[in-house]
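The data block below is start.csv; it holds CSV, C-alpha atoms.
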chain,number,residue,atom,x,y,z
A,26,VAL,CA,0.0,0.0,0.0
A,27,THR,CA,1.4,3.4,-0.9
A,28,GLN,CA,2.5,5.3,2.1
A,29,VAL,CA,2.2,9.1,2.3
A,30,ARG,CA,2.8,11.6,5.0
A,31,LEU,CA,-0.2,13.4,6.6
A,32,LEU,CA,1.8,16.6,6.4
A,33,THR,CA,1.3,16.6,2.6
A,34,LEU,CA,-2.4,16.1,2.8
A,35,ARG,CA,-4.4,19.0,1.6
A,36,GLN,CA,-8.2,19.4,1.6
A,37,GLU,CA,-9.5,19.2,-1.9
A,38,SER,CA,-13.1,20.2,-1.0
A,39,THR,CA,-14.4,23.4,-2.5
A,40,ARG,CA,-16.3,24.1,0.7
A,41,THR,CA,-15.3,27.4,2.3
A,42,PRO,CA,-13.0,26.8,5.2
A,43,ARG,CA,-14.3,27.5,8.7
A,44,TRP,CA,-13.0,31.0,8.9
A,45,GLY,CA,-13.2,31.8,5.2
A,46,PHE,CA,-9.4,31.5,5.0
A,47,ALA,CA,-8.2,30.7,1.5
A,48,ARG,CA,-5.3,28.6,2.6
A,49,PRO,CA,-5.0,24.8,2.8
A,50,ARG,CA,-5.0,23.0,6.2
A,51,ARG,CA,-3.1,19.8,7.0
A,52,ILE,CA,-4.7,17.2,9.2
A,53,GLY,CA,-1.6,15.6,10.7
A,54,PRO,CA,2.0,16.0,11.6
A,55,ASP,CA,5.2,15.0,9.7
A,56,SER,CA,5.9,12.3,12.2
A,57,VAL,CA,3.2,9.9,11.1
A,58,THR,CA,3.1,7.8,8.0
A,59,TRP,CA,-0.4,6.6,7.0
A,60,PRO,CA,-1.9,4.4,4.2
A,61,ARG,CA,-3.7,6.3,1.5
A,62,MET,CA,-7.0,4.6,2.4
A,63,THR,CA,-6.7,5.9,6.0
A,64,ILE,CA,-6.2,9.4,4.8
A,65,GLU,CA,-9.2,9.2,2.6
A,66,ARG,CA,-11.4,7.9,5.5
A,67,ILE,CA,-10.3,10.6,7.9
A,68,ARG,CA,-10.9,13.2,5.2
A,69,GLU,CA,-14.4,11.8,4.5
A,70,ALA,CA,-15.1,11.8,8.2
A,71,ARG,CA,-14.1,15.5,8.4
A,72,GLU,CA,-16.1,16.5,5.4
A,73,MET,CA,-19.3,14.7,6.4
A,74,ALA,CA,-19.2,15.5,10.1
A,75,PRO,CA,-20.9,18.5,11.6
A,76,ARG,CA,-18.7,21.5,12.5
A,77,TRP,CA,-18.7,23.3,15.8
A,78,THR,CA,-19.2,26.6,14.0
A,79,ASP,CA,-22.6,25.3,12.8
A,80,ARG,CA,-23.7,25.9,16.4
A,81,TYR,CA,-22.1,29.4,16.6
A,82,PRO,CA,-22.5,31.0,13.1
A,83,HIS,CA,-22.3,34.5,14.6
A,84,LEU,CA,-18.7,33.9,15.7
A,85,GLY,CA,-17.4,33.5,12.2
A,86,ALA,CA,-19.2,36.6,11.0
A,87,LYS,CA,-18.1,38.6,14.0
A,88,MET,CA,-14.5,37.6,14.2
A,89,ARG,CA,-13.5,36.6,10.6
A,90,ASP,CA,-12.4,40.1,9.5
A,91,PHE,CA,-10.0,40.4,12.4
A,92,TYR,CA,-8.3,37.0,12.1
A,93,GLU,CA,-8.4,36.3,8.4
A,94,GLY,CA,-4.9,36.6,7.0
A,95,LYS,CA,-3.3,36.8,10.4
A,96,GLU,CA,-2.1,33.2,10.4
A,97,PHE,CA,-4.3,32.0,13.3
A,98,GLY,CA,-6.2,28.8,13.2
A,99,GLY,CA,-3.8,26.4,11.5
A,100,ARG,CA,-4.0,22.6,12.2
A,101,CYS,CA,-1.7,20.9,14.7
A,102,GLY,CA,-3.0,17.6,13.5
A,103,TYR,CA,-2.6,14.1,14.9
A,104,GLY,CA,0.4,12.1,16.1
A,105,LYS,CA,0.8,8.4,16.5
A,106,THR,CA,0.6,8.0,20.3
A,107,PRO,CA,-2.7,9.4,21.7
A,108,ALA,CA,-4.1,9.7,25.2
A,109,ILE,CA,-7.6,10.6,26.2
A,110,LEU,CA,-8.2,13.0,29.0
A,111,VAL,CA,-11.7,13.3,30.5
A,112,VAL,CA,-11.9,16.6,32.3
A,113,ASP,CA,-14.2,17.1,35.4
A,114,LEU,CA,-17.2,15.0,34.4
A,115,PHE,CA,-18.1,14.7,38.1
A,116,ARG,CA,-21.5,14.8,39.7
A,117,ALA,CA,-21.5,18.5,40.6
A,118,GLU,CA,-21.0,19.4,37.0
A,119,THR,CA,-23.4,17.0,35.4
A,120,ASP,CA,-26.3,17.4,37.9
A,121,LYS,CA,-29.5,18.4,36.1
A,122,THR,CA,-31.8,18.5,39.2
A,123,GLY,CA,-30.8,22.0,40.3
A,124,GLU,CA,-29.3,20.8,43.5
A,125,SER,CA,-25.8,21.6,42.4
A,126,PRO,CA,-25.2,25.3,41.7
A,127,ILE,CA,-22.7,24.5,39.0
A,128,GLY,CA,-24.6,21.6,37.4
A,129,SER,CA,-26.0,21.6,33.8
A,130,ASN,CA,-27.2,19.2,31.1
A,131,LEU,CA,-24.0,17.6,29.9
A,132,ASP,CA,-25.6,14.5,28.4
A,133,GLU,CA,-24.2,15.1,25.0
A,134,ALA,CA,-20.6,15.4,26.3
A,135,VAL,CA,-21.0,12.3,28.5
A,136,GLU,CA,-22.4,10.3,25.7
A,137,ASN,CA,-19.7,11.2,23.2
A,138,THR,CA,-16.9,10.9,25.7
A,139,ASN,CA,-18.1,7.3,26.3
A,140,ARG,CA,-18.2,6.7,22.6
A,141,ILE,CA,-14.5,7.7,22.3
A,142,LEU,CA,-13.5,5.8,25.4
A,143,ARG,CA,-15.1,2.6,24.1
A,144,VAL,CA,-13.1,2.8,20.9
A,145,ALA,CA,-9.9,3.5,22.8
A,146,ARG,CA,-10.4,0.6,25.2
A,147,ARG,CA,-10.6,-1.8,22.2
A,148,MET,CA,-7.2,-0.6,20.9
A,149,LYS,CA,-4.1,-2.7,21.2
A,150,PRO,CA,-2.0,-1.2,22.7
A,151,LYS,CA,-4.6,0.7,24.7
A,152,PRO,CA,-3.8,4.4,24.9
A,153,PRO,CA,-3.7,6.1,28.3
A,154,ILE,CA,-7.1,7.2,29.6
A,155,ILE,CA,-7.1,9.7,32.4
A,156,PHE,CA,-9.9,11.2,34.4
A,157,THR,CA,-10.0,14.3,36.6
A,158,THR,CA,-12.1,15.6,39.4
A,159,VAL,CA,-11.8,18.7,41.8
A,160,CYS,CA,-11.6,18.1,45.5
A,161,PHE,CA,-10.5,20.0,48.6
A,162,ASN,CA,-10.1,19.1,52.3
A,163,ALA,CA,-13.0,20.0,54.6
A,164,ALA,CA,-11.2,23.0,56.1
A,165,MET,CA,-10.4,24.4,52.6
A,166,THR,CA,-6.8,24.8,53.7
A,167,ASP,CA,-5.4,23.3,50.5
A,168,VAL,CA,-6.6,26.0,48.3
A,169,SER,CA,-6.0,29.8,48.0
A,170,PRO,CA,-8.3,31.9,50.2
A,171,ALA,CA,-8.5,34.3,47.3
A,172,LEU,CA,-9.9,31.6,45.1
A,173,VAL,CA,-12.5,30.6,47.7
A,174,ARG,CA,-13.5,34.3,48.1
A,175,LYS,CA,-13.9,34.5,44.4
A,176,THR,CA,-15.9,31.3,44.0
A,177,PRO,CA,-17.4,30.3,47.3
A,178,LEU,CA,-19.2,27.4,45.7
A,179,LEU,CA,-16.0,25.5,45.8
A,180,LYS,CA,-16.8,24.7,49.4
A,181,MET,CA,-19.2,22.0,48.2
A,182,LEU,CA,-16.3,20.1,46.5
A,183,VAL,CA,-14.8,18.6,49.6
A,184,GLU,CA,-13.5,15.1,50.5
A,185,GLY,CA,-16.3,12.7,51.1
A,186,SER,CA,-18.9,14.6,49.2
A,187,LYS,CA,-21.0,12.9,46.5
A,188,TRP,CA,-20.4,15.9,44.3
A,189,VAL,CA,-16.8,15.1,43.6
A,190,GLU,CA,-17.5,11.6,42.4
A,191,LEU,CA,-17.4,10.9,38.7
A,192,ASP,CA,-20.7,10.8,36.9
A,193,PRO,CA,-22.0,7.2,37.2
A,194,ARG,CA,-22.4,7.0,33.5
A,195,ILE,CA,-18.6,7.6,33.1
A,196,ASP,CA,-17.4,5.8,36.2
A,197,ALA,CA,-19.3,2.6,35.5
A,198,GLU,CA,-17.0,1.7,32.6
A,199,ARG,CA,-13.8,3.0,34.0
A,200,GLN,CA,-11.0,0.4,34.1
A,201,PRO,CA,-8.5,-0.2,36.9
A,202,ASP,CA,-5.6,1.1,34.7
A,203,GLU,CA,-7.4,4.4,34.1
A,204,PRO,CA,-6.3,6.9,36.9
A,205,LEU,CA,-8.4,9.5,38.5
A,206,ILE,CA,-6.4,12.7,39.1
A,207,VAL,CA,-7.6,15.1,41.8
A,208,LYS,CA,-6.9,18.7,40.8
A,209,LYS,CA,-7.4,22.0,42.5
A,210,LYS,CA,-6.9,24.4,39.6
A,211,ASN,CA,-8.5,25.0,36.3
A,212,SER,CA,-5.7,23.3,34.3
A,213,CYS,CA,-5.4,19.6,34.6
A,214,PHE,CA,-1.6,20.1,34.5
A,215,TRP,CA,-1.3,22.4,37.4
A,216,GLY,CA,0.0,20.6,40.5
A,217,THR,CA,-0.9,17.1,39.1
A,218,PRO,CA,1.1,14.1,37.7
A,219,LEU,CA,-0.5,14.5,34.3
A,220,THR,CA,2.6,15.7,32.5
A,221,GLU,CA,4.6,12.7,34.0
A,222,ILE,CA,2.0,10.3,32.8
A,223,LEU,CA,1.9,11.6,29.3
A,224,VAL,CA,5.6,12.0,28.9
A,225,GLY,CA,6.3,8.6,30.4
A,226,ASN,CA,4.0,7.0,27.9
A,227,GLY,CA,5.5,8.8,24.9
A,228,VAL,CA,2.2,10.6,24.2
A,229,ASP,CA,2.2,13.1,21.3
A,230,THR,CA,-1.5,13.7,20.9
A,231,LEU,CA,-4.0,14.6,23.7
A,232,ILE,CA,-7.7,14.2,23.1
A,233,VAL,CA,-9.5,16.4,25.6
A,234,THR,CA,-13.1,15.8,26.5
A,235,GLY,CA,-15.3,16.9,29.5
A,236,CYS,CA,-16.1,20.3,31.0
A,237,THR,CA,-16.3,23.1,31.1
A,238,ILE,CA,-15.2,24.4,27.7
A,239,ASP,CA,-14.6,28.0,28.8
A,240,THR,CA,-12.6,27.2,31.9
A,241,CYS,CA,-11.0,23.9,32.7
A,242,VAL,CA,-11.0,22.5,29.1
A,243,ARG,CA,-9.6,25.7,27.7
A,244,ALA,CA,-6.9,26.0,30.5
A,245,THR,CA,-5.9,22.4,29.9
A,246,CYS,CA,-5.6,22.9,26.2
A,247,ILE,CA,-3.2,25.8,26.8
A,248,GLY,CA,-1.1,23.5,29.0
A,249,SER,CA,-1.2,20.8,26.4
A,250,MET,CA,0.0,23.1,23.7
A,251,ASP,CA,2.7,24.4,26.0
A,252,LEU,CA,3.9,20.9,26.4
A,253,GLY,CA,4.1,20.5,22.7
A,254,LEU,CA,1.3,18.0,22.2
A,255,ASN,CA,-1.1,17.8,19.3
A,256,THR,CA,-4.2,18.9,21.1
A,257,ILE,CA,-7.6,17.7,19.9
A,258,VAL,CA,-11.0,18.7,21.2
A,259,PRO,CA,-14.1,16.8,19.9
A,260,PHE,CA,-16.7,19.5,20.3
A,261,GLU,CA,-19.7,17.1,20.9
A,262,ALA,CA,-17.7,15.5,23.8
A,263,VAL,CA,-17.2,18.8,25.7
A,264,GLY,CA,-19.7,21.0,27.4
A,265,SER,CA,-20.4,24.0,29.5
A,266,ARG,CA,-23.2,25.5,31.6
A,267,ASP,CA,-23.0,28.7,29.5
A,268,PHE,CA,-23.8,28.4,25.7
A,269,GLU,CA,-22.2,31.7,24.7
A,270,ALA,CA,-19.1,31.2,26.8
A,271,ALA,CA,-18.7,27.8,25.4
A,272,GLY,CA,-18.8,29.2,21.9
A,273,TYR,CA,-16.0,31.7,22.5
A,274,GLY,CA,-14.1,29.0,24.4
A,275,LEU,CA,-14.2,26.7,21.3
A,276,PHE,CA,-13.3,29.6,19.1
A,277,ASP,CA,-10.3,30.6,21.1
A,278,ILE,CA,-9.1,27.0,21.4
A,279,ASP,CA,-9.4,26.4,17.7
A,280,LEU,CA,-7.5,29.6,16.9
A,281,LYS,CA,-4.6,29.1,19.2
A,282,TYR,CA,-4.5,26.0,21.4
A,283,GLY,CA,-5.8,22.9,19.5
A,284,ASP,CA,-8.0,21.5,16.8
A,285,VAL,CA,-11.7,21.5,17.5
A,286,VAL,CA,-13.1,18.7,15.4
A,287,SER,CA,-16.1,16.2,15.5
A,288,THR,CA,-16.4,13.1,17.6
A,289,GLU,CA,-16.6,11.1,14.4
A,290,GLU,CA,-13.3,12.4,13.2
A,291,VAL,CA,-11.6,11.4,16.5
A,292,ILE,CA,-13.1,8.0,16.4
A,293,GLN,CA,-12.0,7.5,12.8
A,294,TYR,CA,-8.4,8.6,13.8
A,295,LEU,CA,-8.3,6.1,16.6
A,296,GLU,CA,-9.7,3.2,14.6
A,297,GLU,CA,-7.3,3.9,11.7
A,298,LEU,CA,-4.1,4.2,13.8
A,299,PRO,CA,-1.3,1.9,12.5
A,300,ARG,CA,-0.9,-0.9,14.9
Mind turning the file's structure into C-alpha cells?
Amino acid sequence: VTQVRLLTLRQESTRTPRWGFARPRRIGPDSVTWPRMTIERIREAREMAPRWTDRYPHLGAKMRDFYEGKEFGGRCGYGKTPAILVVDLFRAETDKTGESPIGSNLDEAVENTNRILRVARRMKPKPPIIFTTVCFNAAMTDVSPALVRKTPLLKMLVEGSKWVELDPRIDAERQPDEPLIVKKKNSCFWGTPLTEILVGNGVDTLIVTGCTIDTCVRATCIGSMDLGLNTIVPFEAVGSRDFEAAGYGLFDIDLKYGDVVSTEEVIQYLEELPR
C-alpha cells in the first residue's frame, strides 16, 4: 500500500474553510506515515461530520475580519501515540436537578466521551485514559483563600462529598488502569502528575473531553499546547453551563491551542491508527 505523510495532505473540497481562509490545512504532523486509504477515510469523516461553527455561526461573522490573513487557526493535527483526558465530568458538573449550583445538562458530552472511550479501550495497545475531578479538604486549607472568596461554591467540592465523584455513566465503565487525578486548579496540568503520565507513555496527541469548555477544558488545552502536544477537542464531547461562553471558548481553542473537530473524526483517527 502506498505510504504518504499526513503533512502533505491538503483538503480538496471546494467548501469554504471554517473561517473563510483561502489557505490549505493539514490534518496531521510530519511524524506519522499513513496508508492512503486511512487518509481518505479521515478526510471523509471530516467533510461529512458537523462542525462546531454550525452551532455558533455568529462567531465566524463577528471575528473573521480580524483573524483572516493573520495566520491564526492552523491545524496541529494528529500524532501516532494518543491519550484521552476526561476533564471534570463529576456529579456537581453533570447534575441536572438544580441541587448543584454548577450543574448543567452535559448529556451530549457524557455520551460522546463514552463513545470515544469505548473505541480506545478496544485498541491494542490501549492508549492512556485519564480522568480528573476537583476536591479540597474539609477545612479548605489546601486552596488559596482568594480563590475561595472569588468562587465560594468551591466549598461544596470537599472530600467525602458525593459531588466530587465521577458521573456514574462515566465511572461505570472506568477500568483499573485508568487513573483519576484530583486537581485544585482549572488546568489539569497544574500541580498534578498529568505531565509525568503523558511524557512517560510517549504521548504526542492529547484528546481532551469533558467540561467546562470555557474554563478547565480551555486551560488544559493551553497547558497541552505548552507541552508541545497535538491537542484535539471533539466538540460534541465537551460541554459548559453557558452556551455563549462555550462558543467563545471553542473559538479561542481552535484559533490558538488545539484543533476543534467532530467526535466522528476522532473515532476515525483512533480506529485507523497503524498498529
What's around region 254-271 of chain A at 6 Å? Count all atoms listed in the file, leave out sequence neighbours fewer than 6 positions away in its own chain, and write the answer as a tab-separated table (two decimals) with C-alpha atoms, in the frame of the given file.
chain	number	residue	atom	x	y	z
A	101	CYS	CA	-1.70	20.90	14.70
A	103	TYR	CA	-2.60	14.10	14.90
A	129	SER	CA	-26.00	21.60	33.80
A	134	ALA	CA	-20.60	15.40	26.30
A	137	ASN	CA	-19.70	11.20	23.20
A	138	THR	CA	-16.90	10.90	25.70
A	229	ASP	CA	2.20	13.10	21.30
A	230	THR	CA	-1.50	13.70	20.90
A	231	LEU	CA	-4.00	14.60	23.70
A	232	ILE	CA	-7.70	14.20	23.10
A	233	VAL	CA	-9.50	16.40	25.60
A	234	THR	CA	-13.10	15.80	26.50
A	235	GLY	CA	-15.30	16.90	29.50
A	236	CYS	CA	-16.10	20.30	31.00
A	237	THR	CA	-16.30	23.10	31.10
A	238	ILE	CA	-15.20	24.40	27.70
A	239	ASP	CA	-14.60	28.00	28.80
A	283	GLY	CA	-5.80	22.90	19.50
A	284	ASP	CA	-8.00	21.50	16.80
A	285	VAL	CA	-11.70	21.50	17.50
A	286	VAL	CA	-13.10	18.70	15.40
A	287	SER	CA	-16.10	16.20	15.50
A	288	THR	CA	-16.40	13.10	17.60
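Between Ala197 (chain A) and the residues A:Ser212, A:Ser125, A:Thr106, A:Asn139, the shortest atom-to-atom distance, using all atoms listed in the file, involves A:Asn139.
Counting all atoms listed in the file, the residue from A:Ile141, A:Thr166, A:Arg147, A:Arg243 that sits nearest to Glu290 (chain A) is A:Ile141.
When only C-alpha atoms are used to compute distances to Leu182 (chain A), the closest of the residues A:Ile109, A:Ile155, A:Leu223, A:Cys160 turns out to be A:Cys160.
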Quick one: everything within 9 Å of Arg116 (chain A), counting all atoms listed in the file, minus sequence neighbours fewer than 6 positions away in the same chain. Send it as a ChimeraX atom specification.
/A:125,128,187-193
Written file, previous selection with C-alpha atoms, as a compact mmCIF listing (two decimals), in the coordinates of the input:
# COMPACT_ATOMS: atom_id res chain seq x y z
CA SER A 125 -25.80 21.60 42.40
CA GLY A 128 -24.60 21.60 37.40
CA LYS A 187 -21.00 12.90 46.50
CA TRP A 188 -20.40 15.90 44.30
CA VAL A 189 -16.80 15.10 43.60
CA GLU A 190 -17.50 11.60 42.40
CA LEU A 191 -17.40 10.90 38.70
CA ASP A 192 -20.70 10.80 36.90
CA PRO A 193 -22.00 7.20 37.20
